[in-house]
Amino acid sequence: MKRQKIKGKRKKLEVTAAFASLLLTFAFLLFSSSCAARGGVVPETAAFGACPVCRMQVKASDDWTAEIYYNDHTKLMFESPGDMLAFYTAPEKYAVDEVHKSLSNIQKISVKDYQSKQPADARQAKFVFKSKVEGPMGPDFLPFAKKEDAEAFVAANGGTLFSLDEVTSGMVREVRK
């Protein structure tokens, strides 16, 4: 009788240890797969990625997504225009390879127009800095495909207009406090 109780306890311990081992393996795989993509470069056709600035998961179809496309047919995806500008103005601060830190390797930069939510060329867009209106994560740079739309927005909501190359890392730090 005593021997059966010991065998039963041993069996229970084996099952518990096997379950714990399985659980740890699953947790490790989940952690390692989610971290590997964080801030990483993805193919230019990818629908999902991870922002190298805030490390949030990004979906290309989200209204606030910004993307930098590179000559090697890859891209970086950003959770917001502000995160894209943080990277663009100071790429050396982020964990990406040297090729993707170089502005000369950029093919195009895409942001979503604040009003239409349609993709717009960030090099042609106007960004509203420090308006009364915030993005979903707080203060942000609001992109407009058309200068007239941006000017009307500023007249109604305050702020200042800048082009992509006029935005500085100091401005980004002010917005991202």
# chains A, B, ... in the order shown; residues from 1 in each chain; ligands from 1
>>> residues_around(residues="Glu151 in chain A", least_positions_apart="4", cutoff="12 Å", atoms="only C-alpha atoms", output="list of chain:residue names")
A:Ala125, A:Lys126, A:Phe127, A:Val128, A:Phe129, A:Ser131, A:Leu142, A:Pro143, A:Phe144, A:Ala145, A:Lys146, A:Lys147, A:Ala155, A:Ala156, A:Asn157, A:Gly158, A:Gly159, A:Thr160, A:Leu161, A:Phe162
>>> write_last_selection(atoms="N, CA and C atoms", output="mmCIF file, in the first residue's frame")
data_model
loop_
_atom_site.group_PDB
_atom_site.id
_atom_site.type_symbol
_atom_site.label_atom_id
_atom_site.label_comp_id
_atom_site.auth_asym_id
_atom_site.auth_seq_id
_atom_site.Cartn_x
_atom_site.Cartn_y
_atom_site.Cartn_z
ATOM 1 N N ALA A 125 5.044 65.980 -47.791
ATOM 2 C CA ALA A 125 4.032 66.337 -46.789
ATOM 3 C C ALA A 125 4.475 67.513 -45.923
ATOM 4 N N LYS A 126 3.505 68.081 -45.252
ATOM 5 C CA LYS A 126 3.749 69.086 -44.222
ATOM 6 C C LYS A 126 3.372 68.465 -42.893
ATOM 7 N N PHE A 127 4.179 68.741 -41.870
ATOM 8 C CA PHE A 127 3.936 68.216 -40.531
ATOM 9 C C PHE A 127 3.545 69.362 -39.604
ATOM 10 N N VAL A 128 2.451 69.172 -38.881
ATOM 11 C CA VAL A 128 2.026 70.174 -37.912
ATOM 12 C C VAL A 128 2.681 69.828 -36.581
ATOM 13 N N PHE A 129 3.379 70.795 -36.041
ATOM 14 C CA PHE A 129 4.145 70.655 -34.793
ATOM 15 C C PHE A 129 3.442 71.443 -33.696
ATOM 16 N N SER A 131 0.329 71.327 -32.143
ATOM 17 C CA SER A 131 -1.044 71.840 -32.232
ATOM 18 C C SER A 131 -1.804 71.426 -30.964
ATOM 19 N N LEU A 142 1.512 65.875 -36.865
ATOM 20 C CA LEU A 142 0.373 65.497 -37.693
ATOM 21 C C LEU A 142 0.706 65.754 -39.157
ATOM 22 N N PRO A 143 0.740 64.705 -39.989
ATOM 23 C CA PRO A 143 1.129 64.864 -41.390
ATOM 24 C C PRO A 143 -0.057 65.204 -42.298
ATOM 25 N N PHE A 144 0.186 66.061 -43.259
ATOM 26 C CA PHE A 144 -0.810 66.444 -44.256
ATOM 27 C C PHE A 144 -0.177 66.342 -45.633
ATOM 28 N N ALA A 145 -0.894 65.704 -46.552
ATOM 29 C CA ALA A 145 -0.403 65.576 -47.924
ATOM 30 C C ALA A 145 -0.458 66.919 -48.643
ATOM 31 N N LYS A 146 -1.469 67.736 -48.318
ATOM 32 C CA LYS A 146 -1.647 69.025 -48.994
ATOM 33 C C LYS A 146 -1.362 70.181 -48.042
ATOM 34 N N LYS A 147 -0.545 71.094 -48.500
ATOM 35 C CA LYS A 147 -0.177 72.265 -47.694
ATOM 36 C C LYS A 147 -1.417 73.072 -47.300
ATOM 37 N N ALA A 155 -4.777 76.979 -38.684
ATOM 38 C CA ALA A 155 -5.632 78.137 -38.400
ATOM 39 C C ALA A 155 -6.698 77.777 -37.357
ATOM 40 N N ALA A 156 -7.199 76.555 -37.398
ATOM 41 C CA ALA A 156 -8.250 76.124 -36.470
ATOM 42 C C ALA A 156 -7.712 75.552 -35.160
ATOM 43 N N ASN A 157 -6.507 74.947 -35.187
ATOM 44 C CA ASN A 157 -6.010 74.191 -34.022
ATOM 45 C C ASN A 157 -4.637 74.609 -33.520
ATOM 46 N N GLY A 158 -4.064 75.630 -34.114
ATOM 47 C CA GLY A 158 -2.733 76.063 -33.692
ATOM 48 C C GLY A 158 -1.652 75.131 -34.209
ATOM 49 N N GLY A 159 -0.421 75.477 -33.899
ATOM 50 C CA GLY A 159 0.717 74.690 -34.333
ATOM 51 C C GLY A 159 1.519 75.411 -35.400
ATOM 52 N N THR A 160 2.580 74.774 -35.831
ATOM 53 C CA THR A 160 3.470 75.328 -36.844
ATOM 54 C C THR A 160 3.734 74.254 -37.890
ATOM 55 N N LEU A 161 3.839 74.666 -39.143
ATOM 56 C CA LEU A 161 4.108 73.734 -40.244
ATOM 57 C C LEU A 161 5.601 73.584 -40.506
ATOM 58 N N PHE A 162 5.993 72.346 -40.756
ATOM 59 C CA PHE A 162 7.376 72.037 -41.120
ATOM 60 C C PHE A 162 7.376 70.965 -42.189
#
>>> residues_around(residues="Met137 in chain A", least_positions_apart="4", cutoff="12 Å", atoms="only C-alpha atoms", output="count of residues only")
13
>>> atom_distance(atom1="CA of Met171 in chain A", atom2="CA of Lys132 in chain A")
15.9 Å
>>> residues_around(residues="His100 in chain A", least_positions_apart="4", cutoff="12 Å", atoms="only C-alpha atoms", output="ChimeraX atom specification")
/A:39-42,52,68-77,87-88,90-92,94-96,104-107
>>> closest_residue(among="A:Lys130, A:Gln124, A:Pro136, A:Phe48", to="Val172 in chain A", atoms="only C-alpha atoms")
A:Lys130
>>> residues_around(residues="Asp121 in chain A", least_positions_apart="4", cutoff="9 Å", atoms="only C-alpha atoms", output="MDAnalysis selection string")
chainID A and resid 108:112 125 145
>>> write_last_selection(atoms="N, CA and C atoms", output="short mmCIF file (atom, residue, chain, number, x, y, z; two decimals), in the first residue's frame")
data_model
loop_
_atom_site.label_atom_id
_atom_site.label_comp_id
_atom_site.auth_asym_id
_atom_site.auth_seq_id
_atom_site.Cartn_x
_atom_site.Cartn_y
_atom_site.Cartn_z
N LYS A 108 11.87 55.66 -50.12
CA LYS A 108 10.73 56.54 -49.90
C LYS A 108 10.29 56.46 -48.44
N ILE A 109 9.54 57.46 -48.03
CA ILE A 109 9.00 57.51 -46.67
C ILE A 109 7.51 57.78 -46.79
N SER A 110 6.72 56.95 -46.14
CA SER A 110 5.28 57.07 -46.23
C SER A 110 4.67 57.36 -44.85
N VAL A 111 3.76 58.32 -44.83
CA VAL A 111 2.98 58.64 -43.63
C VAL A 111 1.51 58.61 -44.05
N LYS A 112 0.61 58.63 -43.08
CA LYS A 112 -0.82 58.68 -43.40
C LYS A 112 -1.30 60.11 -43.18
N ALA A 125 5.04 65.98 -47.79
CA ALA A 125 4.03 66.34 -46.79
C ALA A 125 4.48 67.51 -45.92
N ALA A 145 -0.89 65.70 -46.55
CA ALA A 145 -0.40 65.58 -47.92
C ALA A 145 -0.46 66.92 -48.64
#
>>> atom_distance(atom1="CA of Val99 in chain A", atom2="CA of Ser163 in chain A")
24.2 Å
>>> select_by_dssp(residues="range 32-155 of chain A", states="helix (DSSP H, G or I)", output="number ranges by chain")
A: 32-37, 81-89, 91-93, 98-101, 103-105, 147-155
>>> write_last_selection(atoms="N, CA and C atoms", output="short mmCIF file (atom, residue, chain, number, x, y, z; two decimals), in the first residue's frame")
data_model
loop_
_atom_site.label_atom_id
_atom_site.label_comp_id
_atom_site.auth_asym_id
_atom_site.auth_seq_id
_atom_site.Cartn_x
_atom_site.Cartn_y
_atom_site.Cartn_z
N SER A 32 11.13 34.64 -27.41
CA SER A 32 12.19 34.80 -28.41
C SER A 32 11.64 35.17 -29.77
N SER A 33 10.48 34.65 -30.13
CA SER A 33 9.93 35.00 -31.45
C SER A 33 9.41 36.42 -31.46
N SER A 34 8.86 36.90 -30.37
CA SER A 34 8.35 38.27 -30.36
C SER A 34 9.48 39.27 -30.26
N CYS A 35 10.55 38.94 -29.62
CA CYS A 35 11.66 39.88 -29.47
C CYS A 35 12.52 39.94 -30.72
N ALA A 36 12.59 38.87 -31.46
CA ALA A 36 13.43 38.86 -32.64
C ALA A 36 12.95 39.88 -33.67
N ALA A 37 11.64 40.06 -33.76
CA ALA A 37 11.11 40.98 -34.75
C ALA A 37 11.07 42.42 -34.25
N PRO A 81 3.82 58.97 -36.81
CA PRO A 81 4.76 59.88 -37.48
C PRO A 81 5.85 60.37 -36.52
N GLY A 82 5.49 60.60 -35.27
CA GLY A 82 6.47 61.05 -34.29
C GLY A 82 7.60 60.05 -34.09
N ASP A 83 7.26 58.76 -34.04
CA ASP A 83 8.29 57.74 -33.90
C ASP A 83 9.16 57.68 -35.15
N MET A 84 8.54 57.82 -36.33
CA MET A 84 9.32 57.82 -37.57
C MET A 84 10.29 59.00 -37.57
N LEU A 85 9.80 60.18 -37.13
CA LEU A 85 10.67 61.36 -37.10
C LEU A 85 11.76 61.23 -36.04
N ALA A 86 11.46 60.56 -34.93
CA ALA A 86 12.50 60.31 -33.92
C ALA A 86 13.63 59.49 -34.54
N PHE A 87 13.26 58.46 -35.29
CA PHE A 87 14.26 57.62 -35.95
C PHE A 87 14.97 58.40 -37.05
N TYR A 88 14.22 59.08 -37.89
CA TYR A 88 14.77 59.79 -39.04
C TYR A 88 15.78 60.86 -38.63
N THR A 89 15.52 61.55 -37.51
CA THR A 89 16.41 62.63 -37.08
C THR A 89 17.58 62.14 -36.23
N PRO A 91 18.91 58.32 -36.21
CA PRO A 91 18.89 56.86 -36.39
C PRO A 91 19.96 56.11 -35.59
N GLU A 92 21.03 56.80 -35.25
CA GLU A 92 22.11 56.13 -34.50
C GLU A 92 21.66 55.68 -33.11
N LYS A 93 20.56 56.18 -32.62
CA LYS A 93 20.07 55.82 -31.28
C LYS A 93 19.32 54.48 -31.25
N GLU A 98 23.56 49.13 -39.76
CA GLU A 98 24.08 50.39 -40.32
C GLU A 98 23.44 50.76 -41.65
N VAL A 99 23.11 49.77 -42.46
CA VAL A 99 22.48 50.04 -43.76
C VAL A 99 21.17 50.79 -43.57
N HIS A 100 20.43 50.43 -42.54
CA HIS A 100 19.11 51.03 -42.32
C HIS A 100 19.18 52.30 -41.47
N LYS A 101 20.35 52.65 -41.04
CA LYS A 101 20.54 53.94 -40.35
C LYS A 101 20.94 55.04 -41.34
N LEU A 103 20.58 57.49 -44.24
CA LEU A 103 19.51 58.19 -44.97
C LEU A 103 19.69 58.05 -46.48
N SER A 104 20.90 57.80 -46.93
CA SER A 104 21.14 57.66 -48.38
C SER A 104 20.57 56.36 -48.94
N ASN A 105 20.24 55.41 -48.07
CA ASN A 105 19.66 54.14 -48.52
C ASN A 105 18.14 54.17 -48.58
N LYS A 147 -0.55 71.09 -48.50
CA LYS A 147 -0.18 72.26 -47.69
C LYS A 147 -1.42 73.07 -47.30
N GLU A 148 -2.38 73.20 -48.21
CA GLU A 148 -3.60 73.98 -47.92
C GLU A 148 -4.37 73.36 -46.76
N ASP A 149 -4.46 72.04 -46.73
CA ASP A 149 -5.17 71.36 -45.63
C ASP A 149 -4.44 71.59 -44.31
N ALA A 150 -3.12 71.54 -44.36
CA ALA A 150 -2.31 71.76 -43.15
C ALA A 150 -2.49 73.19 -42.64
N GLU A 151 -2.49 74.15 -43.56
CA GLU A 151 -2.67 75.55 -43.17
C GLU A 151 -4.04 75.78 -42.55
N ALA A 152 -5.08 75.18 -43.11
CA ALA A 152 -6.44 75.31 -42.55
C ALA A 152 -6.50 74.67 -41.17
N PHE A 153 -5.83 73.53 -41.01
CA PHE A 153 -5.79 72.85 -39.72
C PHE A 153 -5.10 73.73 -38.67
N VAL A 154 -3.95 74.32 -39.03
CA VAL A 154 -3.21 75.19 -38.12
C VAL A 154 -4.05 76.41 -37.74
N ALA A 155 -4.78 76.98 -38.68
CA ALA A 155 -5.63 78.14 -38.40
C ALA A 155 -6.70 77.78 -37.36
#
>>> decode(residues="range 74-108 of chain A", atoms="C-alpha atoms", output="short mmCIF file (atom, residue, chain, number, x, y, z; two decimals), in the first residue's frame")
data_model
loop_
_atom_site.label_atom_id
_atom_site.label_comp_id
_atom_site.auth_asym_id
_atom_site.auth_seq_id
_atom_site.Cartn_x
_atom_site.Cartn_y
_atom_site.Cartn_z
CA THR A 74 12.94 46.25 -47.01
CA LYS A 75 11.25 48.71 -44.68
CA LEU A 76 10.99 49.85 -41.10
CA MET A 77 7.50 50.36 -39.69
CA PHE A 78 6.65 52.98 -37.08
CA GLU A 79 3.69 53.27 -34.74
CA SER A 80 3.30 56.98 -35.48
CA PRO A 81 4.76 59.88 -37.48
CA GLY A 82 6.47 61.05 -34.29
CA ASP A 83 8.29 57.74 -33.90
CA MET A 84 9.32 57.82 -37.57
CA LEU A 85 10.67 61.36 -37.10
CA ALA A 86 12.50 60.31 -33.92
CA PHE A 87 14.26 57.62 -35.95
CA TYR A 88 14.77 59.79 -39.04
CA THR A 89 16.41 62.63 -37.08
CA ALA A 90 18.61 60.38 -34.90
CA PRO A 91 18.89 56.86 -36.39
CA GLU A 92 22.11 56.13 -34.50
CA LYS A 93 20.07 55.82 -31.28
CA TYR A 94 18.17 52.75 -32.45
CA ALA A 95 19.00 49.06 -32.74
CA VAL A 96 19.02 48.54 -36.49
CA ASP A 97 21.91 47.67 -38.77
CA GLU A 98 24.08 50.39 -40.32
CA VAL A 99 22.48 50.04 -43.76
CA HIS A 100 19.11 51.03 -42.32
CA LYS A 101 20.54 53.94 -40.35
CA SER A 102 21.86 55.56 -43.52
CA LEU A 103 19.51 58.19 -44.97
CA SER A 104 21.14 57.66 -48.38
CA ASN A 105 19.66 54.14 -48.52
CA ILE A 106 16.09 55.40 -48.21
CA GLN A 107 13.90 54.90 -51.27
CA LYS A 108 10.73 56.54 -49.90
#
